[in-house]
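Colleague: Got a structure for you, written out below as structure tokens; questions coming shortly.
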Amino acid sequence: MDVTLRLAQRPEADELLGRSPLAALTGMLLDQQVPMEWAFSGPYTIAQRMGADDLDAHEIAACDPERFVEVLSAKPAVHRYPGSMAKRVQQLCQYLVDHYDGDAAALWRDVGTGKELLDRLNALPGFGKQKSQIFLALLGKQYGVRPEGWREAAGAYGEEGSYRSVADITGPESLDKVRAFKQEAKRAAKAAAPKRTKS
């Protein structure tokens, strides 16, 4: 796996995401309640602080939990909630060790259909349906992982020419389009929410 990405908008962080399946998976895990570039820069920062040029699921899973919290908490913090996200990253790595011998790419390497891949992603700690569908769309659109029916399994995130998620970001221009889409979706959700009346 060696692709050119523009998710972190930092060349060294994007380079790691392009060659490391575990870094991509970890970036997706971190992608909540912080700006996307911050989340996808996280794997590079973690690797640097652990003195490595890539993430290792066995090493992270075996790391002392308090030490790993320190890795994520050091300034600048890897996430707004470094303690809870350190725990989640370790849970993800432990799951990969237990089920895939620590090899993140094994999640999709021999997969037969998009639905099967979605099921595998859904089983990961910290991955709900939406996160799984977005990551599936990212794999299909940017990593060339395209099992039969992958677009359908990814739902709206798999649509060609859409600007809904990280799966559609290839540079600053598409990042702006995705941000605009998300802001519009938030506005629509707010407008559709029932108005609270004062009693």
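Chain labels A, B, ... are given in the sequence in which chains occur in the structure tokens; within each chain residues are numbered consecutively from 1, and ligands are likewise numbered from 1 in the order shown.
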Could you name the residues that touch A:Ala154 at 7 Å or less, counting only C-alpha atoms, but leaving out those on the same chain fewer than 3 positions away, as a list in words?
Modeller: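 The residues that qualify are Gln133, Ile134, Leu136, Ala137, Trp150, Arg151, Tyr157 and Gly158 of chain A.
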Colleague: Could you please take those selected residues and save all heavy atoms as a CSV table (one decimal), in the first residue's frame?
Modeller:
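For reference, out.csv as written:
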chain,number,residue,atom,x,y,z
A,133,GLN,N,-18.5,3.0,7.4
A,133,GLN,CA,-18.8,3.3,6.0
A,133,GLN,C,-17.9,4.3,5.4
A,133,GLN,O,-17.5,4.2,4.2
A,133,GLN,CB,-20.3,3.8,5.9
A,133,GLN,CG,-21.3,2.6,6.0
A,133,GLN,CD,-22.7,3.1,5.8
A,133,GLN,OE1,-23.1,4.1,6.3
A,133,GLN,NE2,-23.4,2.3,5.0
A,134,ILE,N,-17.5,5.3,6.2
A,134,ILE,CA,-16.6,6.4,5.7
A,134,ILE,C,-15.2,5.7,5.4
A,134,ILE,O,-14.6,6.0,4.4
A,134,ILE,CB,-16.5,7.5,6.7
A,134,ILE,CG1,-17.8,8.3,6.8
A,134,ILE,CG2,-15.3,8.4,6.4
A,134,ILE,CD1,-17.8,9.3,7.9
A,136,LEU,N,-14.6,2.6,4.7
A,136,LEU,CA,-14.8,1.8,3.5
A,136,LEU,C,-14.7,2.6,2.2
A,136,LEU,O,-14.1,2.2,1.3
A,136,LEU,CB,-16.1,1.0,3.6
A,136,LEU,CG,-16.5,0.1,2.5
A,136,LEU,CD1,-15.4,-0.9,2.1
A,136,LEU,CD2,-17.8,-0.7,2.8
A,137,ALA,N,-15.4,3.8,2.3
A,137,ALA,CA,-15.4,4.7,1.1
A,137,ALA,C,-13.9,5.2,0.9
A,137,ALA,O,-13.5,5.3,-0.3
A,137,ALA,CB,-16.3,5.8,1.3
A,150,TRP,N,-18.6,-2.6,-3.0
A,150,TRP,CA,-18.0,-1.7,-2.0
A,150,TRP,C,-18.8,-0.3,-1.9
A,150,TRP,O,-19.0,0.2,-0.8
A,150,TRP,CB,-16.5,-1.4,-2.1
A,150,TRP,CG,-16.1,-0.6,-3.3
A,150,TRP,CD1,-15.9,-1.0,-4.6
A,150,TRP,CD2,-15.9,0.8,-3.4
A,150,TRP,NE1,-15.5,0.0,-5.4
A,150,TRP,CE2,-15.5,1.2,-4.7
A,150,TRP,CE3,-16.0,1.8,-2.4
A,150,TRP,CZ2,-15.3,2.5,-5.1
A,150,TRP,CZ3,-15.7,3.1,-2.8
A,150,TRP,CH2,-15.4,3.5,-4.1
A,151,ARG,N,-19.1,0.2,-3.1
A,151,ARG,CA,-19.8,1.5,-3.0
A,151,ARG,C,-21.2,1.4,-2.3
A,151,ARG,O,-21.6,2.3,-1.5
A,151,ARG,CB,-20.1,2.1,-4.5
A,151,ARG,CG,-18.8,2.7,-5.1
A,151,ARG,CD,-19.2,3.4,-6.4
A,151,ARG,NE,-18.0,3.7,-7.1
A,151,ARG,CZ,-17.3,4.8,-6.9
A,151,ARG,NH1,-17.6,5.7,-6.0
A,151,ARG,NH2,-16.2,5.1,-7.7
A,157,TYR,N,-21.6,7.6,1.3
A,157,TYR,CA,-20.1,8.0,1.3
A,157,TYR,C,-19.4,7.3,0.1
A,157,TYR,O,-18.3,7.8,-0.3
A,157,TYR,CB,-19.5,7.5,2.6
A,157,TYR,CG,-20.1,8.2,3.8
A,157,TYR,CD1,-20.9,7.4,4.7
A,157,TYR,CD2,-19.9,9.5,4.1
A,157,TYR,CE1,-21.5,8.0,5.8
A,157,TYR,CE2,-20.5,10.1,5.2
A,157,TYR,CZ,-21.3,9.4,6.0
A,157,TYR,OH,-21.9,10.0,7.1
A,158,GLY,N,-20.0,6.3,-0.4
A,158,GLY,CA,-19.3,5.6,-1.6
A,158,GLY,C,-19.7,6.3,-2.9
A,158,GLY,O,-19.1,5.9,-4.0
Colleague: Using only C-alpha atoms, which protein or nucleic acid residues come within 7 Å of stretch 168-178 of chain A? Drop anything in the same chain fewer than 3 positions from it, and give the result as a list in words.
Modeller: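 The neighbour list is Leu5, Arg6, Leu7, Ser162, Tyr163, Arg164, Ser165, Phe181 and Lys182 of chain A.
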Colleague: With only C-alpha atoms as the counted atoms, please give the residues lying no more than 12 Å from A:Cys63, apart from itself and same-chain residues fewer than 4 positions off, as a VMD selection string.
Modeller: chain A and resid 50 56 to 59 67 to 71 86 to 87 89 to 91 93 to 94
Colleague: I want to know what sits within 12 Å of A:Leu96, based on only C-alpha atoms, with residues of the same chain fewer than 5 positions away left out; could you give that as a VMD selection string?
Modeller: chain A and resid 21 to 22 25 to 26 56 to 61 89 to 91 101 to 107 120 to 121 123 to 125
Colleague: Take the selection from the previous step and output its residues with N, CA, C and O atoms, as an mmCIF file, in the first residue's frame.
Modeller:
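After the write, selection-v7.cif holds the following:
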data_model
loop_
_atom_site.group_PDB
_atom_site.id
_atom_site.type_symbol
_atom_site.label_atom_id
_atom_site.label_comp_id
_atom_site.auth_asym_id
_atom_site.auth_seq_id
_atom_site.Cartn_x
_atom_site.Cartn_y
_atom_site.Cartn_z
ATOM 1 N N PRO A 21 -1.302 0.883 6.682
ATOM 2 C CA PRO A 21 -2.716 0.590 6.942
ATOM 3 C C PRO A 21 -3.128 0.887 8.387
ATOM 4 O O PRO A 21 -4.217 1.409 8.628
ATOM 5 N N LEU A 22 -2.240 0.599 9.349
ATOM 6 C CA LEU A 22 -2.586 0.860 10.745
ATOM 7 C C LEU A 22 -2.679 2.362 11.016
ATOM 8 O O LEU A 22 -3.550 2.803 11.776
ATOM 9 N N LEU A 25 -6.051 3.509 9.703
ATOM 10 C CA LEU A 25 -7.117 3.036 10.589
ATOM 11 C C LEU A 25 -7.144 3.845 11.886
ATOM 12 O O LEU A 25 -8.217 4.226 12.377
ATOM 13 N N THR A 26 -5.961 4.149 12.415
ATOM 14 C CA THR A 26 -5.866 4.925 13.657
ATOM 15 C C THR A 26 -6.327 6.360 13.428
ATOM 16 O O THR A 26 -7.033 6.932 14.266
ATOM 17 N N ASP A 56 3.015 0.108 15.302
ATOM 18 C CA ASP A 56 3.091 -1.342 15.429
ATOM 19 C C ASP A 56 2.000 -1.776 16.396
ATOM 20 O O ASP A 56 2.031 -1.425 17.584
ATOM 21 N N ALA A 57 1.018 -2.544 15.905
ATOM 22 C CA ALA A 57 -0.131 -2.930 16.729
ATOM 23 C C ALA A 57 0.305 -3.725 17.954
ATOM 24 O O ALA A 57 -0.215 -3.522 19.061
ATOM 25 N N HIS A 58 1.281 -4.634 17.794
ATOM 26 C CA HIS A 58 1.763 -5.434 18.927
ATOM 27 C C HIS A 58 2.367 -4.528 19.998
ATOM 28 O O HIS A 58 2.093 -4.689 21.192
ATOM 29 N N GLU A 59 3.202 -3.583 19.571
ATOM 30 C CA GLU A 59 3.879 -2.683 20.510
ATOM 31 C C GLU A 59 2.880 -1.791 21.239
ATOM 32 O O GLU A 59 2.964 -1.601 22.458
ATOM 33 N N ILE A 60 1.905 -1.234 20.488
ATOM 34 C CA ILE A 60 0.918 -0.335 21.113
ATOM 35 C C ILE A 60 0.025 -1.113 22.080
ATOM 36 O O ILE A 60 -0.250 -0.664 23.193
ATOM 37 N N ALA A 61 -0.417 -2.302 21.677
ATOM 38 C CA ALA A 61 -1.277 -3.106 22.543
ATOM 39 C C ALA A 61 -0.564 -3.487 23.845
ATOM 40 O O ALA A 61 -1.179 -3.540 24.911
ATOM 41 N N VAL A 89 -7.275 3.566 21.089
ATOM 42 C CA VAL A 89 -6.225 3.133 20.154
ATOM 43 C C VAL A 89 -5.641 1.798 20.623
ATOM 44 O O VAL A 89 -5.416 0.887 19.815
ATOM 45 N N GLN A 90 -5.413 1.667 21.931
ATOM 46 C CA GLN A 90 -4.883 0.400 22.448
ATOM 47 C C GLN A 90 -5.884 -0.745 22.256
ATOM 48 O O GLN A 90 -5.497 -1.863 21.907
ATOM 49 N N GLN A 91 -7.172 -0.465 22.452
ATOM 50 C CA GLN A 91 -8.201 -1.492 22.234
ATOM 51 C C GLN A 91 -8.231 -1.930 20.769
ATOM 52 O O GLN A 91 -8.348 -3.123 20.467
ATOM 53 N N ASP A 101 -3.380 -10.948 13.754
ATOM 54 C CA ASP A 101 -1.950 -11.001 14.039
ATOM 55 C C ASP A 101 -1.295 -9.616 13.939
ATOM 56 O O ASP A 101 -0.140 -9.485 13.531
ATOM 57 N N GLY A 102 -2.059 -8.589 14.272
ATOM 58 C CA GLY A 102 -1.520 -7.228 14.283
ATOM 59 C C GLY A 102 -1.429 -6.562 12.920
ATOM 60 O O GLY A 102 -0.925 -5.448 12.799
ATOM 61 N N ASP A 103 -1.933 -7.233 11.879
ATOM 62 C CA ASP A 103 -1.802 -6.733 10.499
ATOM 63 C C ASP A 103 -3.107 -6.060 10.067
ATOM 64 O O ASP A 103 -4.071 -6.737 9.709
ATOM 65 N N ALA A 104 -3.137 -4.719 10.100
ATOM 66 C CA ALA A 104 -4.357 -3.986 9.761
ATOM 67 C C ALA A 104 -4.829 -4.279 8.343
ATOM 68 O O ALA A 104 -6.036 -4.371 8.084
ATOM 69 N N ALA A 105 -3.903 -4.447 7.411
ATOM 70 C CA ALA A 105 -4.286 -4.686 6.005
ATOM 71 C C ALA A 105 -5.009 -6.017 5.828
ATOM 72 O O ALA A 105 -5.742 -6.210 4.854
ATOM 73 N N ALA A 106 -4.827 -6.943 6.780
ATOM 74 C CA ALA A 106 -5.508 -8.234 6.701
ATOM 75 C C ALA A 106 -7.022 -8.068 6.804
ATOM 76 O O ALA A 106 -7.776 -8.948 6.381
ATOM 77 N N LEU A 107 -7.466 -6.924 7.324
ATOM 78 C CA LEU A 107 -8.900 -6.629 7.379
ATOM 79 C C LEU A 107 -9.532 -6.689 5.993
ATOM 80 O O LEU A 107 -10.663 -7.122 5.840
ATOM 81 N N ARG A 120 -16.520 -6.434 8.935
ATOM 82 C CA ARG A 120 -15.228 -6.502 9.635
ATOM 83 C C ARG A 120 -14.902 -5.164 10.298
ATOM 84 O O ARG A 120 -14.403 -5.121 11.422
ATOM 85 N N LEU A 121 -15.169 -4.074 9.578
ATOM 86 C CA LEU A 121 -14.895 -2.738 10.133
ATOM 87 C C LEU A 121 -15.820 -2.454 11.315
ATOM 88 O O LEU A 121 -15.395 -1.915 12.336
ATOM 89 N N ALA A 123 -16.942 -4.453 13.393
ATOM 90 C CA ALA A 123 -16.529 -5.251 14.559
ATOM 91 C C ALA A 123 -15.363 -4.610 15.324
ATOM 92 O O ALA A 123 -15.076 -5.003 16.457
ATOM 93 N N LEU A 124 -14.701 -3.623 14.721
ATOM 94 C CA LEU A 124 -13.546 -2.986 15.369
ATOM 95 C C LEU A 124 -13.985 -2.126 16.550
ATOM 96 O O LEU A 124 -14.992 -1.423 16.467
ATOM 97 N N PRO A 125 -13.230 -2.149 17.645
ATOM 98 C CA PRO A 125 -13.534 -1.250 18.768
ATOM 99 C C PRO A 125 -13.469 0.206 18.298
ATOM 100 O O PRO A 125 -12.533 0.596 17.601
#
Colleague: Quick one: pull the distance between atom CA of A:Gly27 and atom CA of A:Gly42, Å, one decimal.
Modeller: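 So the two atoms, atom CA of A:Gly27 and atom CA of A:Gly42, lie 6.4 Å apart.
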Colleague: Looking at A:Arg179, A:Met28, A:Leu72, A:Gln9, which one is nearest to A:Gln130, with distances taken over only C-alpha atoms?
Modeller: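 Once distances to A:Gln130 are computed over only C-alpha atoms, the minimum belongs to A:Met28.
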Colleague: Set the distance at 9 Å and use only C-alpha atoms: which residues neighbour A:Ala24 once local chain neighbours fewer than 6 positions away are removed? I'd like the list as a list in words.
Modeller: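 Counting only C-alpha atoms, the residues come to Leu16, Leu17, Gly18, Phe40, Pro43 and Phe135 of chain A.
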